[in-house]
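Notes to accompany the following structure.
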2 protein chains.
Amino acid sequence: MTTSTAPATGSGDARRPMRADARRNYDRLLEAGRVAFAERGGEASMEEIAKHADVGVGTLYRHFPRRIDLVEAVYRSDVDTLVAEADKLVDLEPWSALSGWLQAFIRYAQSKRVFLTELREAFEKNPELALDSRVRIGAAASSVLVRAQQAGAARTDIDAADLMHLIGGMCMARAATLEQNERLLGLVLDGIKIQP
Amino acid sequence: MTTSTAPATGSGDARRPMRADARRNYDRLLEAGRVAFAERGGEASMEEIAKHADVGVGTLYRHFPRRIDLVEAVYRSDVDTLVAEADKLVDLEPWSALSGWLQAFIRYAQSKRVFLTELREAFEKNPELALDSRVRIGAAASSVLVRAQQAGAARTDIDAADLMHLIGGMCMARAATLEQNERLLGLVLDGIKIQP
DNA sequence: TTACGATACGGAGGGTGCTTCCGTTTACGC
DNA sequence: GCGTAAACGGAAGCACCCTCCGTATCGTAA
(Lines give C-alpha, C1' and ligand atoms only; values in the text may rest on other atoms or scores of the structure.)
Protein backbone atom coordinates (compact mmCIF):
# COMPACT_ATOMS: atom_id res chain seq x y z
CA MET A 1 0.00 0.00 0.00
CA THR A 2 1.26 3.50 -0.79
CA THR A 3 -0.35 6.91 -0.46
CA SER A 4 -3.58 6.16 1.29
CA THR A 5 -6.44 7.45 3.34
CA ALA A 6 -4.71 6.41 6.55
CA PRO A 7 -5.05 9.16 9.17
CA ALA A 8 -2.01 10.70 10.78
CA THR A 9 -0.08 7.56 11.46
CA GLY A 10 2.25 5.99 8.92
CA SER A 11 3.85 2.56 9.11
CA GLY A 12 6.50 2.39 11.80
CA ASP A 13 7.18 6.04 12.46
CA ALA A 14 7.51 8.32 15.45
CA ARG A 15 3.86 8.76 16.38
CA ARG A 16 1.91 6.19 18.33
CA PRO A 17 -0.97 4.40 16.73
CA MET A 18 -4.38 5.99 17.23
CA ARG A 19 -6.38 5.08 20.25
CA ALA A 20 -9.02 2.48 19.52
CA ASP A 21 -11.96 4.82 20.04
CA ALA A 22 -10.37 7.48 17.85
CA ARG A 23 -9.79 4.99 15.06
CA ARG A 24 -13.38 3.75 15.27
CA ASN A 25 -14.79 7.26 15.21
CA TYR A 26 -12.57 8.25 12.34
CA ASP A 27 -13.87 5.39 10.26
CA ARG A 28 -17.46 6.12 11.17
CA LEU A 29 -17.08 9.77 10.29
CA LEU A 30 -15.54 8.99 6.95
CA GLU A 31 -18.37 6.64 6.13
CA ALA A 32 -21.01 9.09 7.34
CA GLY A 33 -19.36 11.77 5.24
CA ARG A 34 -19.41 9.60 2.17
CA VAL A 35 -23.09 8.82 2.58
CA ALA A 36 -24.03 12.40 3.37
CA PHE A 37 -22.20 13.89 0.41
CA ALA A 38 -23.61 11.24 -1.90
CA GLU A 39 -27.14 11.89 -0.76
CA ARG A 40 -27.19 15.62 -0.22
CA GLY A 41 -24.05 16.95 -1.90
CA GLY A 42 -22.97 20.33 -0.72
CA GLU A 43 -26.11 20.66 1.40
CA ALA A 44 -24.87 18.13 3.93
CA SER A 45 -24.06 19.90 7.20
CA MET A 46 -21.34 19.01 9.66
CA GLU A 47 -23.82 18.55 12.53
CA GLU A 48 -25.78 16.15 10.38
CA ILE A 49 -22.71 14.12 9.51
CA ALA A 50 -21.59 13.95 13.13
CA LYS A 51 -25.04 12.80 14.22
CA HIS A 52 -25.08 10.09 11.57
CA ALA A 53 -21.75 8.85 12.88
CA ASP A 54 -23.12 8.88 16.46
CA VAL A 55 -20.48 11.35 17.48
CA GLY A 56 -20.38 14.96 18.68
CA VAL A 57 -19.35 17.74 16.30
CA GLY A 58 -16.29 18.30 18.44
CA THR A 59 -15.06 14.85 17.51
CA LEU A 60 -15.73 15.48 13.87
CA TYR A 61 -13.62 18.62 14.03
CA ARG A 62 -10.86 16.89 15.92
CA HIS A 63 -10.42 14.51 12.99
CA PHE A 64 -11.23 16.92 10.19
CA PRO A 65 -10.40 20.48 11.27
CA ARG A 66 -12.25 21.99 8.30
CA ARG A 67 -15.13 20.84 6.27
CA ILE A 68 -12.93 20.65 3.21
CA ASP A 69 -10.65 18.20 4.99
CA LEU A 70 -13.52 15.79 5.25
CA VAL A 71 -14.35 16.28 1.60
CA GLU A 72 -10.77 15.52 0.71
CA ALA A 73 -10.62 12.45 2.92
CA VAL A 74 -13.82 11.05 1.44
CA TYR A 75 -12.49 11.65 -2.04
CA ARG A 76 -9.14 10.03 -1.28
CA SER A 77 -10.87 7.02 0.14
CA ASP A 78 -13.10 6.73 -2.94
CA VAL A 79 -10.02 6.78 -5.13
CA ASP A 80 -8.44 4.14 -2.90
CA THR A 81 -11.48 1.95 -3.37
CA LEU A 82 -11.45 2.38 -7.12
CA VAL A 83 -7.76 1.62 -7.37
CA ALA A 84 -8.06 -1.40 -5.08
CA GLU A 85 -10.90 -2.67 -7.24
CA ALA A 86 -8.38 -3.26 -10.04
CA ASP A 87 -6.43 -5.61 -7.78
CA LYS A 88 -9.51 -7.45 -6.64
CA LEU A 89 -10.49 -8.19 -10.23
CA VAL A 90 -7.16 -9.81 -10.97
CA ASP A 91 -8.66 -13.29 -10.49
CA LEU A 92 -11.20 -12.81 -13.25
CA GLU A 93 -10.38 -13.37 -16.89
CA PRO A 94 -8.87 -10.26 -18.47
CA TRP A 95 -11.92 -9.07 -20.37
CA SER A 96 -14.27 -9.39 -17.40
CA ALA A 97 -11.75 -7.56 -15.28
CA LEU A 98 -11.61 -4.67 -17.72
CA SER A 99 -15.35 -4.50 -18.05
CA GLY A 100 -15.86 -4.78 -14.31
CA TRP A 101 -13.36 -2.11 -13.49
CA LEU A 102 -14.86 0.33 -15.95
CA GLN A 103 -18.21 -0.22 -14.31
CA ALA A 104 -16.64 0.63 -10.98
CA PHE A 105 -15.12 3.71 -12.59
CA ILE A 106 -18.52 4.87 -13.76
CA ARG A 107 -19.99 4.52 -10.30
CA TYR A 108 -17.04 6.47 -8.94
CA ALA A 109 -17.45 9.23 -11.51
CA GLN A 110 -21.16 9.44 -10.89
CA SER A 111 -20.70 9.87 -7.16
CA LYS A 112 -18.28 12.73 -7.81
CA ARG A 113 -20.83 14.75 -9.73
CA VAL A 114 -22.96 15.25 -6.65
CA PHE A 115 -20.41 17.25 -4.72
CA LEU A 116 -18.42 18.58 -7.60
CA THR A 117 -18.39 22.10 -6.23
CA GLU A 118 -16.84 21.00 -2.95
CA LEU A 119 -14.35 18.86 -4.78
CA ARG A 120 -13.29 21.65 -7.06
CA GLU A 121 -12.56 23.71 -3.97
CA ALA A 122 -10.48 20.92 -2.52
CA PHE A 123 -8.49 20.66 -5.74
CA GLU A 124 -7.90 24.37 -5.72
CA LYS A 125 -6.62 24.34 -2.16
CA ASN A 126 -4.47 21.31 -2.82
CA PRO A 127 -3.52 20.73 -6.46
CA GLU A 128 -1.45 17.71 -5.55
CA LEU A 129 -4.69 15.94 -4.70
CA ALA A 130 -5.99 16.13 -8.27
CA LEU A 131 -2.69 15.20 -9.83
CA ASP A 132 -2.00 12.32 -7.49
CA SER A 133 -5.46 10.82 -8.00
CA ARG A 134 -5.20 11.12 -11.74
CA VAL A 135 -1.92 9.23 -11.73
CA ARG A 136 -3.17 6.49 -9.47
CA ILE A 137 -6.38 5.99 -11.39
CA GLY A 138 -4.46 6.04 -14.64
CA ALA A 139 -2.18 3.28 -13.39
CA ALA A 140 -5.12 1.15 -12.34
CA ALA A 141 -6.82 1.67 -15.68
CA SER A 142 -3.65 0.77 -17.47
CA SER A 143 -3.22 -2.43 -15.51
CA VAL A 144 -6.62 -3.84 -16.47
CA LEU A 145 -6.48 -2.56 -20.04
CA VAL A 146 -3.02 -3.88 -20.81
CA ARG A 147 -3.88 -7.28 -19.43
CA ALA A 148 -6.94 -7.47 -21.69
CA GLN A 149 -4.86 -6.36 -24.63
CA GLN A 150 -2.14 -8.89 -23.96
CA ALA A 151 -4.76 -11.61 -23.77
CA GLY A 152 -5.99 -10.57 -27.21
CA ALA A 153 -9.37 -9.53 -25.82
CA ALA A 154 -9.11 -5.79 -26.42
CA ARG A 155 -7.81 -3.83 -29.37
CA THR A 156 -4.38 -2.40 -28.95
CA ASP A 157 -4.71 0.95 -30.66
CA ILE A 158 -5.97 2.72 -27.55
CA ASP A 159 -4.29 3.34 -24.23
CA ALA A 160 -5.48 4.02 -20.71
CA ALA A 161 -5.32 7.79 -21.21
CA ASP A 162 -7.66 7.53 -24.21
CA LEU A 163 -10.03 5.40 -22.23
CA MET A 164 -10.15 7.71 -19.20
CA HIS A 165 -10.58 10.66 -21.48
CA LEU A 166 -13.47 9.05 -23.31
CA ILE A 167 -15.32 7.60 -20.35
CA GLY A 168 -14.47 10.33 -17.88
CA GLY A 169 -15.73 12.95 -20.29
CA MET A 170 -18.89 11.01 -20.91
CA CYS A 171 -19.64 10.81 -17.20
CA MET A 172 -19.15 14.52 -16.68
CA ALA A 173 -21.59 15.50 -19.41
CA ARG A 174 -24.23 17.72 -17.94
CA ALA A 175 -27.32 15.55 -17.60
CA ALA A 176 -25.85 12.07 -17.68
CA THR A 177 -27.59 9.49 -15.47
CA LEU A 178 -26.00 6.34 -14.14
CA GLU A 179 -28.18 4.16 -16.40
CA GLN A 180 -27.29 6.17 -19.45
CA ASN A 181 -23.61 5.97 -18.64
CA GLU A 182 -23.77 2.23 -18.13
CA ARG A 183 -25.53 1.84 -21.44
CA LEU A 184 -22.94 3.96 -23.19
CA LEU A 185 -20.18 2.04 -21.50
CA GLY A 186 -21.62 -1.11 -23.09
CA LEU A 187 -21.32 0.60 -26.42
CA VAL A 188 -17.72 1.57 -25.83
CA LEU A 189 -16.88 -1.92 -24.63
CA ASP A 190 -18.34 -3.38 -27.83
CA GLY A 191 -16.04 -1.07 -29.73
CA ILE A 192 -12.98 -2.17 -27.80
CA LYS A 193 -13.64 -5.90 -27.68
CA ILE A 194 -11.96 -8.34 -30.03
CA GLN A 195 -14.28 -11.28 -30.75
CA PRO A 196 -12.61 -14.60 -29.87
CA MET B 1 -31.72 45.74 -27.98
CA THR B 2 -33.22 42.37 -27.10
CA THR B 3 -33.00 40.20 -24.00
CA SER B 4 -31.20 42.45 -21.56
CA THR B 5 -30.33 43.19 -18.00
CA ALA B 6 -33.24 45.59 -17.68
CA PRO B 7 -35.02 45.07 -14.38
CA ALA B 8 -38.69 44.15 -14.25
CA THR B 9 -39.97 46.74 -16.69
CA GLY B 10 -40.07 46.18 -20.43
CA SER B 11 -40.75 48.77 -23.10
CA GLY B 12 -44.36 49.92 -23.07
CA ASP B 13 -46.03 47.25 -20.95
CA ALA B 14 -48.42 47.09 -18.03
CA ARG B 15 -46.09 48.01 -15.18
CA ARG B 16 -45.01 51.51 -14.43
CA PRO B 17 -41.39 52.51 -14.80
CA MET B 18 -39.27 52.14 -11.69
CA ARG B 19 -39.12 55.01 -9.30
CA ALA B 20 -36.01 57.14 -9.75
CA ASP B 21 -34.42 56.12 -6.44
CA ALA B 22 -35.09 52.46 -7.11
CA ARG B 23 -33.51 52.68 -10.52
CA ARG B 24 -30.46 54.42 -9.10
CA ASN B 25 -30.04 51.89 -6.33
CA TYR B 26 -30.49 49.00 -8.73
CA ASP B 27 -27.67 50.30 -10.88
CA ARG B 28 -25.43 50.92 -7.91
CA LEU B 29 -26.04 47.46 -6.55
CA LEU B 30 -25.29 45.83 -9.84
CA GLU B 31 -22.04 47.72 -10.08
CA ALA B 32 -21.11 46.99 -6.48
CA GLY B 33 -21.87 43.32 -7.11
CA ARG B 34 -19.67 43.26 -10.16
CA VAL B 35 -16.76 44.81 -8.29
CA ALA B 36 -17.22 42.63 -5.22
CA PHE B 37 -17.40 39.38 -7.16
CA ALA B 38 -14.42 40.39 -9.27
CA GLU B 39 -12.34 41.17 -6.20
CA ARG B 40 -13.44 38.57 -3.71
CA GLY B 41 -15.31 35.96 -5.71
CA GLY B 42 -17.58 33.78 -3.66
CA GLU B 43 -16.28 35.36 -0.44
CA ALA B 44 -18.15 38.60 -1.10
CA SER B 45 -20.98 38.96 1.42
CA MET B 46 -24.33 40.60 0.81
CA GLU B 47 -23.80 43.11 3.64
CA GLU B 48 -20.52 44.09 2.10
CA ILE B 49 -22.05 44.61 -1.33
CA ALA B 50 -24.90 46.65 0.09
CA LYS B 51 -22.48 48.86 2.00
CA HIS B 52 -20.39 49.45 -1.09
CA ALA B 53 -23.51 50.55 -2.91
CA ASP B 54 -24.39 52.88 0.01
CA VAL B 55 -27.61 51.05 0.57
CA GLY B 56 -29.14 48.85 3.29
CA VAL B 57 -29.28 45.09 2.88
CA GLY B 58 -33.05 45.34 2.77
CA THR B 59 -32.77 47.27 -0.46
CA LEU B 60 -30.35 44.78 -1.89
CA TYR B 61 -32.79 42.01 -1.15
CA ARG B 62 -35.69 43.96 -2.58
CA HIS B 63 -33.93 44.06 -5.94
CA PHE B 64 -32.28 40.66 -5.78
CA PRO B 65 -34.32 38.34 -3.58
CA ARG B 66 -31.57 35.74 -3.45
CA ARG B 67 -27.85 36.00 -3.67
CA ILE B 68 -27.88 33.94 -6.82
CA ASP B 69 -30.17 36.49 -8.47
CA LEU B 70 -27.46 39.09 -8.08
CA VAL B 71 -24.88 36.72 -9.50
CA GLU B 72 -27.14 36.12 -12.48
CA ALA B 73 -27.78 39.82 -13.01
CA VAL B 74 -24.08 40.65 -12.90
CA TYR B 75 -23.37 37.89 -15.37
CA ARG B 76 -26.14 38.97 -17.72
CA SER B 77 -24.88 42.51 -17.65
CA ASP B 78 -21.33 41.36 -18.39
CA VAL B 79 -22.61 39.46 -21.39
CA ASP B 80 -24.55 42.53 -22.48
CA THR B 81 -21.37 44.56 -22.33
CA LEU B 82 -19.42 42.03 -24.32
CA VAL B 83 -22.10 41.78 -26.98
CA ALA B 84 -22.46 45.55 -27.18
CA GLU B 85 -18.71 45.81 -27.64
CA ALA B 86 -19.07 44.16 -31.04
CA ASP B 87 -21.40 46.97 -32.13
CA LYS B 88 -19.13 49.66 -30.79
CA LEU B 89 -16.22 48.33 -32.82
CA VAL B 90 -18.15 48.54 -36.06
CA ASP B 91 -16.46 51.84 -36.95
CA LEU B 92 -12.99 50.33 -36.88
CA GLU B 93 -11.54 48.47 -39.81
CA PRO B 94 -12.57 44.80 -39.83
CA TRP B 95 -9.32 43.33 -38.55
CA SER B 96 -8.97 45.77 -35.66
CA ALA B 97 -12.56 45.11 -34.76
CA LEU B 98 -11.95 41.37 -34.61
CA SER B 99 -8.79 41.76 -32.62
CA GLY B 100 -10.38 44.29 -30.27
CA TRP B 101 -13.41 42.17 -29.64
CA LEU B 102 -11.37 39.10 -28.84
CA GLN B 103 -9.45 41.12 -26.31
CA ALA B 104 -12.74 42.11 -24.72
CA PHE B 105 -13.73 38.46 -24.76
CA ILE B 106 -10.61 37.51 -22.87
CA ARG B 107 -11.25 40.08 -20.20
CA TYR B 108 -14.79 38.80 -19.91
CA ALA B 109 -13.63 35.20 -19.62
CA GLN B 110 -11.03 36.11 -17.04
CA SER B 111 -13.55 37.86 -14.82
CA LYS B 112 -15.73 34.77 -14.92
CA ARG B 113 -13.06 32.55 -13.48
CA VAL B 114 -13.15 34.35 -10.17
CA PHE B 115 -16.69 33.44 -9.27
CA LEU B 116 -16.99 30.32 -11.34
CA THR B 117 -18.53 28.37 -8.49
CA GLU B 118 -21.36 30.84 -8.05
CA LEU B 119 -21.90 30.96 -11.78
CA ARG B 120 -22.08 27.23 -12.07
CA GLU B 121 -24.81 27.27 -9.47
CA ALA B 122 -26.70 29.92 -11.41
CA PHE B 123 -26.46 27.84 -14.57
CA GLU B 124 -27.72 24.83 -12.75
CA LYS B 125 -30.71 26.67 -11.38
CA ASN B 126 -31.46 28.26 -14.73
CA PRO B 127 -30.09 26.40 -17.76
CA GLU B 128 -31.62 28.92 -20.12
CA LEU B 129 -29.09 31.45 -18.83
CA ALA B 130 -26.11 29.48 -20.11
CA LEU B 131 -27.74 28.66 -23.41
CA ASP B 132 -28.94 32.16 -24.07
CA SER B 133 -25.57 33.70 -23.30
CA ARG B 134 -23.78 31.26 -25.50
CA VAL B 135 -26.04 32.10 -28.42
CA ARG B 136 -25.69 35.83 -27.97
CA ILE B 137 -21.93 35.72 -27.61
CA GLY B 138 -21.71 33.40 -30.58
CA ALA B 139 -23.66 35.87 -32.71
CA ALA B 140 -21.40 38.73 -31.68
CA ALA B 141 -18.30 36.67 -32.41
CA SER B 142 -19.69 35.73 -35.76
CA SER B 143 -20.42 39.32 -36.68
CA VAL B 144 -16.85 40.50 -36.17
CA LEU B 145 -15.28 37.38 -37.63
CA VAL B 146 -17.37 37.30 -40.78
CA ARG B 147 -16.69 40.94 -41.45
CA ALA B 148 -12.95 40.36 -41.18
CA GLN B 149 -13.26 37.36 -43.45
CA GLN B 150 -15.28 39.22 -46.05
CA ALA B 151 -12.68 41.97 -46.03
CA GLY B 152 -10.04 39.38 -46.78
CA ALA B 153 -8.27 40.02 -43.50
CA ALA B 154 -8.96 36.66 -41.84
CA ARG B 155 -8.79 33.15 -43.18
CA THR B 156 -12.12 31.60 -44.03
CA ASP B 157 -11.63 28.04 -42.90
CA ILE B 158 -12.71 28.71 -39.33
CA ASP B 159 -16.02 29.87 -37.93
CA ALA B 160 -17.14 31.61 -34.76
CA ALA B 161 -17.79 28.32 -32.99
CA ASP B 162 -14.19 27.22 -33.61
CA LEU B 163 -12.92 30.51 -32.35
CA MET B 164 -14.97 30.48 -29.16
CA HIS B 165 -13.99 26.90 -28.55
CA LEU B 166 -10.33 27.67 -28.95
CA ILE B 167 -10.15 30.88 -27.00
CA GLY B 168 -12.77 30.03 -24.42
CA GLY B 169 -10.98 26.77 -23.68
CA MET B 170 -7.69 28.54 -23.38
CA CYS B 171 -9.09 31.04 -20.89
CA MET B 172 -10.56 28.31 -18.70
CA ALA B 173 -7.29 26.42 -18.39
CA ARG B 174 -6.43 26.03 -14.75
CA ALA B 175 -3.69 28.52 -14.09
CA ALA B 176 -4.07 30.95 -16.96
CA THR B 177 -3.34 34.61 -16.15
CA LEU B 178 -4.67 37.55 -18.08
CA GLU B 179 -1.22 38.38 -19.48
CA GLN B 180 -0.66 34.83 -20.61
CA ASN B 181 -4.03 34.75 -22.29
CA GLU B 182 -3.39 38.02 -24.07
CA ARG B 183 -0.07 36.73 -25.29
CA LEU B 184 -1.65 33.53 -26.55
CA LEU B 185 -4.40 35.51 -28.19
CA GLY B 186 -1.69 37.32 -30.17
CA LEU B 187 -0.46 33.97 -31.30
CA VAL B 188 -3.91 32.86 -32.41
CA LEU B 189 -4.49 36.15 -34.19
CA ASP B 190 -1.25 35.69 -36.12
CA GLY B 191 -2.52 32.33 -37.20
CA ILE B 192 -5.83 33.73 -38.40
CA LYS B 193 -4.58 36.85 -40.11
CA ILE B 194 -4.14 37.08 -43.86
CA GLN B 195 -1.23 39.37 -44.69
CA PRO B 196 -2.30 42.18 -47.00
C1' DT C 1 -47.64 74.08 -3.61
C1' DT C 2 -49.34 70.85 -0.79
C1' DA C 3 -51.11 66.56 0.52
C1' DC C 4 -51.59 61.77 0.04
C1' DG C 5 -51.05 57.04 -1.48
C1' DA C 6 -47.96 53.92 -3.43
C1' DT C 7 -43.41 52.59 -3.56
C1' DA C 8 -38.99 51.91 -1.73
C1' DC C 9 -35.60 52.17 2.07
C1' DG C 10 -32.90 50.47 6.17
C1' DG C 11 -31.19 47.75 9.56
C1' DA C 12 -32.38 44.94 13.67
C1' DG C 13 -33.07 40.27 14.32
C1' DG C 14 -34.29 35.25 13.11
C1' DG C 15 -32.33 31.17 11.44
C1' DT C 16 -28.69 28.15 9.95
C1' DG C 17 -24.26 26.39 9.52
C1' DC C 18 -19.15 26.30 10.43
C1' DT C 19 -15.89 26.29 13.99
C1' DT C 20 -13.83 26.81 18.80
C1' DC C 21 -13.33 25.94 23.56
C1' DC C 22 -13.01 23.52 27.58
C1' DG C 23 -14.91 20.56 31.29
C1' DT C 24 -15.67 15.59 31.29
C1' DT C 25 -14.75 10.93 29.93
C1' DT C 26 -12.05 7.07 28.25
C1' DA C 27 -8.27 4.14 26.80
C1' DC C 28 -3.84 2.36 27.67
C1' DG C 29 0.75 1.55 30.00
C1' DC C 30 2.48 0.55 34.48
C1' DG D 1 -6.31 -0.53 40.02
C1' DC D 2 -4.14 4.20 38.96
C1' DG D 3 -2.48 8.14 36.59
C1' DT D 4 -2.02 10.57 32.63
C1' DA D 5 -2.31 11.67 27.95
C1' DA D 6 -5.65 11.44 24.45
C1' DA D 7 -10.16 11.92 22.90
C1' DC D 8 -15.04 13.15 23.48
C1' DG D 9 -19.25 16.20 23.32
C1' DG D 10 -22.00 19.91 22.83
C1' DA D 11 -22.82 24.71 24.28
C1' DA D 12 -21.55 29.00 22.60
C1' DG D 13 -19.24 32.30 19.27
C1' DC D 14 -19.32 34.04 14.93
C1' DA D 15 -20.46 35.05 10.17
C1' DC D 16 -23.61 35.01 6.75
C1' DC D 17 -28.17 34.75 4.29
C1' DC D 18 -32.52 36.44 4.39
C1' DT D 19 -37.12 38.52 6.48
C1' DC D 20 -39.94 41.92 8.47
C1' DC D 21 -41.93 46.12 9.30
C1' DG D 22 -41.69 50.93 10.86
C1' DT D 23 -39.95 55.01 8.44
C1' DA D 24 -38.76 57.88 4.48
C1' DT D 25 -39.31 59.26 -0.27
C1' DC D 26 -41.28 59.77 -4.83
C1' DG D 27 -44.74 61.03 -8.06
C1' DT D 28 -49.15 62.80 -8.85
C1' DA D 29 -53.41 65.12 -8.65
C1' DA D 30 -55.91 68.77 -6.63
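In the C-alpha coordinates, chains take the letters A, B, ... in the order shown, each chain's residues start at 1, and ligands count up from 1 in the order shown.
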
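Non-sequential neighbours of Arg34 in chain A (distance at most 10 Å, separation of 6 or more positions within a chain, only C-alpha atoms (C1' of nucleotides)) are Arg28, Gly41, Ile49, Leu70, Val71, Ala73, Val74, Tyr75, Ser77, Asp78 and Ser111 of chain A.
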
**Message:** Residues of chain D were defined as contacting chain B if any atom lay at most 8 Å from it, counting only C-alpha atoms (C1' of nucleotides); please report them as a PyMOL selection string.
**Reply:** chain D and resi 16-18+26

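The protein and nucleic acid residues lying at most 12 Å from DC21 in chain D are Gly58 of chain B; DC9, DG10, DG11, DA12 and DG13 of chain C, with only C-alpha atoms (C1' of nucleotides) considered and sequence neighbours fewer than 6 positions away removed.
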
**Request:** Quote the spacing between C1' of DG5 in chain C and CA of Asp54 in chain B in Å to one decimal place.
**Result:** 27.0 Å

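Coordinates place CA of Asp69 in chain B at a distance of 8.0 Å from CA of Ala122 in chain B.
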
Per-residue nearest contacts of chain B to chain A (9 Å; only C-alpha atoms) as a tab-separated table:
residue	atom	partner	partner_atom	distance
B:Thr117	CA	A:Thr117	CA	6.7
B:Arg120	CA	A:Thr117	CA	8.6
B:Glu121	CA	A:Thr117	CA	8.9

For the residues selected in the previous step, produce a file with N, CA and C atoms as an mmCIF file, in the first residue's frame.
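Result file out_12.cif:
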data_model
loop_
_atom_site.group_PDB
_atom_site.id
_atom_site.type_symbol
_atom_site.label_atom_id
_atom_site.label_comp_id
_atom_site.auth_asym_id
_atom_site.auth_seq_id
_atom_site.Cartn_x
_atom_site.Cartn_y
_atom_site.Cartn_z
ATOM 1 N N THR B 117 -17.684 29.241 -9.288
ATOM 2 C CA THR B 117 -18.530 28.366 -8.487
ATOM 3 C C THR B 117 -19.955 28.909 -8.420
ATOM 4 N N ARG B 120 -21.667 28.598 -11.811
ATOM 5 C CA ARG B 120 -22.080 27.226 -12.072
ATOM 6 C C ARG B 120 -23.439 26.946 -11.418
ATOM 7 N N GLU B 121 -23.564 27.443 -10.204
ATOM 8 C CA GLU B 121 -24.814 27.272 -9.472
ATOM 9 C C GLU B 121 -25.968 27.960 -10.205
#

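If you look at CA of Ile167 in chain B and CA of Gly152 in chain B, they are 21.5 Å away from each other.
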
**Message:** Calculated over only C-alpha atoms (C1' of nucleotides), which of the candidates C:DT7, C:DT2, C:DT16, C:DT26 has the smallest distance to chain B?
**Reply:** C:DT7

**Asked** Would you list which chain C residues are within 12 Å of chain A using only C-alpha atoms (C1' of nucleotides), as a PyMOL selection string?
**Response** chain C and resi 16-22+25-28

**Distance query range 177-185 of chain B at most 9 Å, only C-alpha atoms (C1' of nucleotides), self and fewer than 5 positions along chain excluded, as an MDAnalysis selection string** = chainID B and resid 99 102:103 106:107 110 167 170:171 190

Could you write out the selected residues, including N, CA and C atoms, as a short mmCIF file (atom, residue, chain, number, x, y, z; two decimals), in the first residue's frame?
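That gives us part_4.cif:
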data_model
loop_
_atom_site.label_atom_id
_atom_site.label_comp_id
_atom_site.auth_asym_id
_atom_site.auth_seq_id
_atom_site.Cartn_x
_atom_site.Cartn_y
_atom_site.Cartn_z
N SER B 99 -9.81 41.84 -33.65
CA SER B 99 -8.79 41.76 -32.62
C SER B 99 -9.26 42.42 -31.32
N LEU B 102 -11.93 40.28 -29.50
CA LEU B 102 -11.37 39.10 -28.84
C LEU B 102 -10.65 39.48 -27.56
N GLN B 103 -10.05 40.66 -27.56
CA GLN B 103 -9.45 41.12 -26.31
C GLN B 103 -10.52 41.34 -25.24
N ILE B 106 -11.55 38.06 -23.84
CA ILE B 106 -10.61 37.51 -22.87
C ILE B 106 -10.79 38.15 -21.50
N ARG B 107 -11.00 39.43 -21.48
CA ARG B 107 -11.25 40.08 -20.20
C ARG B 107 -12.52 39.54 -19.56
N GLN B 110 -11.87 36.05 -18.24
CA GLN B 110 -11.03 36.11 -17.04
C GLN B 110 -11.87 36.46 -15.81
N ILE B 167 -10.53 29.83 -27.94
CA ILE B 167 -10.15 30.88 -27.00
C ILE B 167 -10.82 30.70 -25.65
N MET B 170 -8.97 28.00 -23.83
CA MET B 170 -7.69 28.54 -23.38
C MET B 170 -7.85 29.35 -22.09
N CYS B 171 -8.87 30.19 -22.06
CA CYS B 171 -9.09 31.04 -20.89
C CYS B 171 -9.45 30.23 -19.66
N ASP B 190 -2.23 35.86 -35.04
CA ASP B 190 -1.25 35.69 -36.12
C ASP B 190 -1.63 34.54 -37.04
#

**Prompt:** Where in chain B does DSSP assign helix (DSSP H, G or I), given as an MDAnalysis selection string?
**Reply:** chainID B and resid 20:43 46:52 57:63 67:91 94:114 116:125 127:150 160:172 178:192
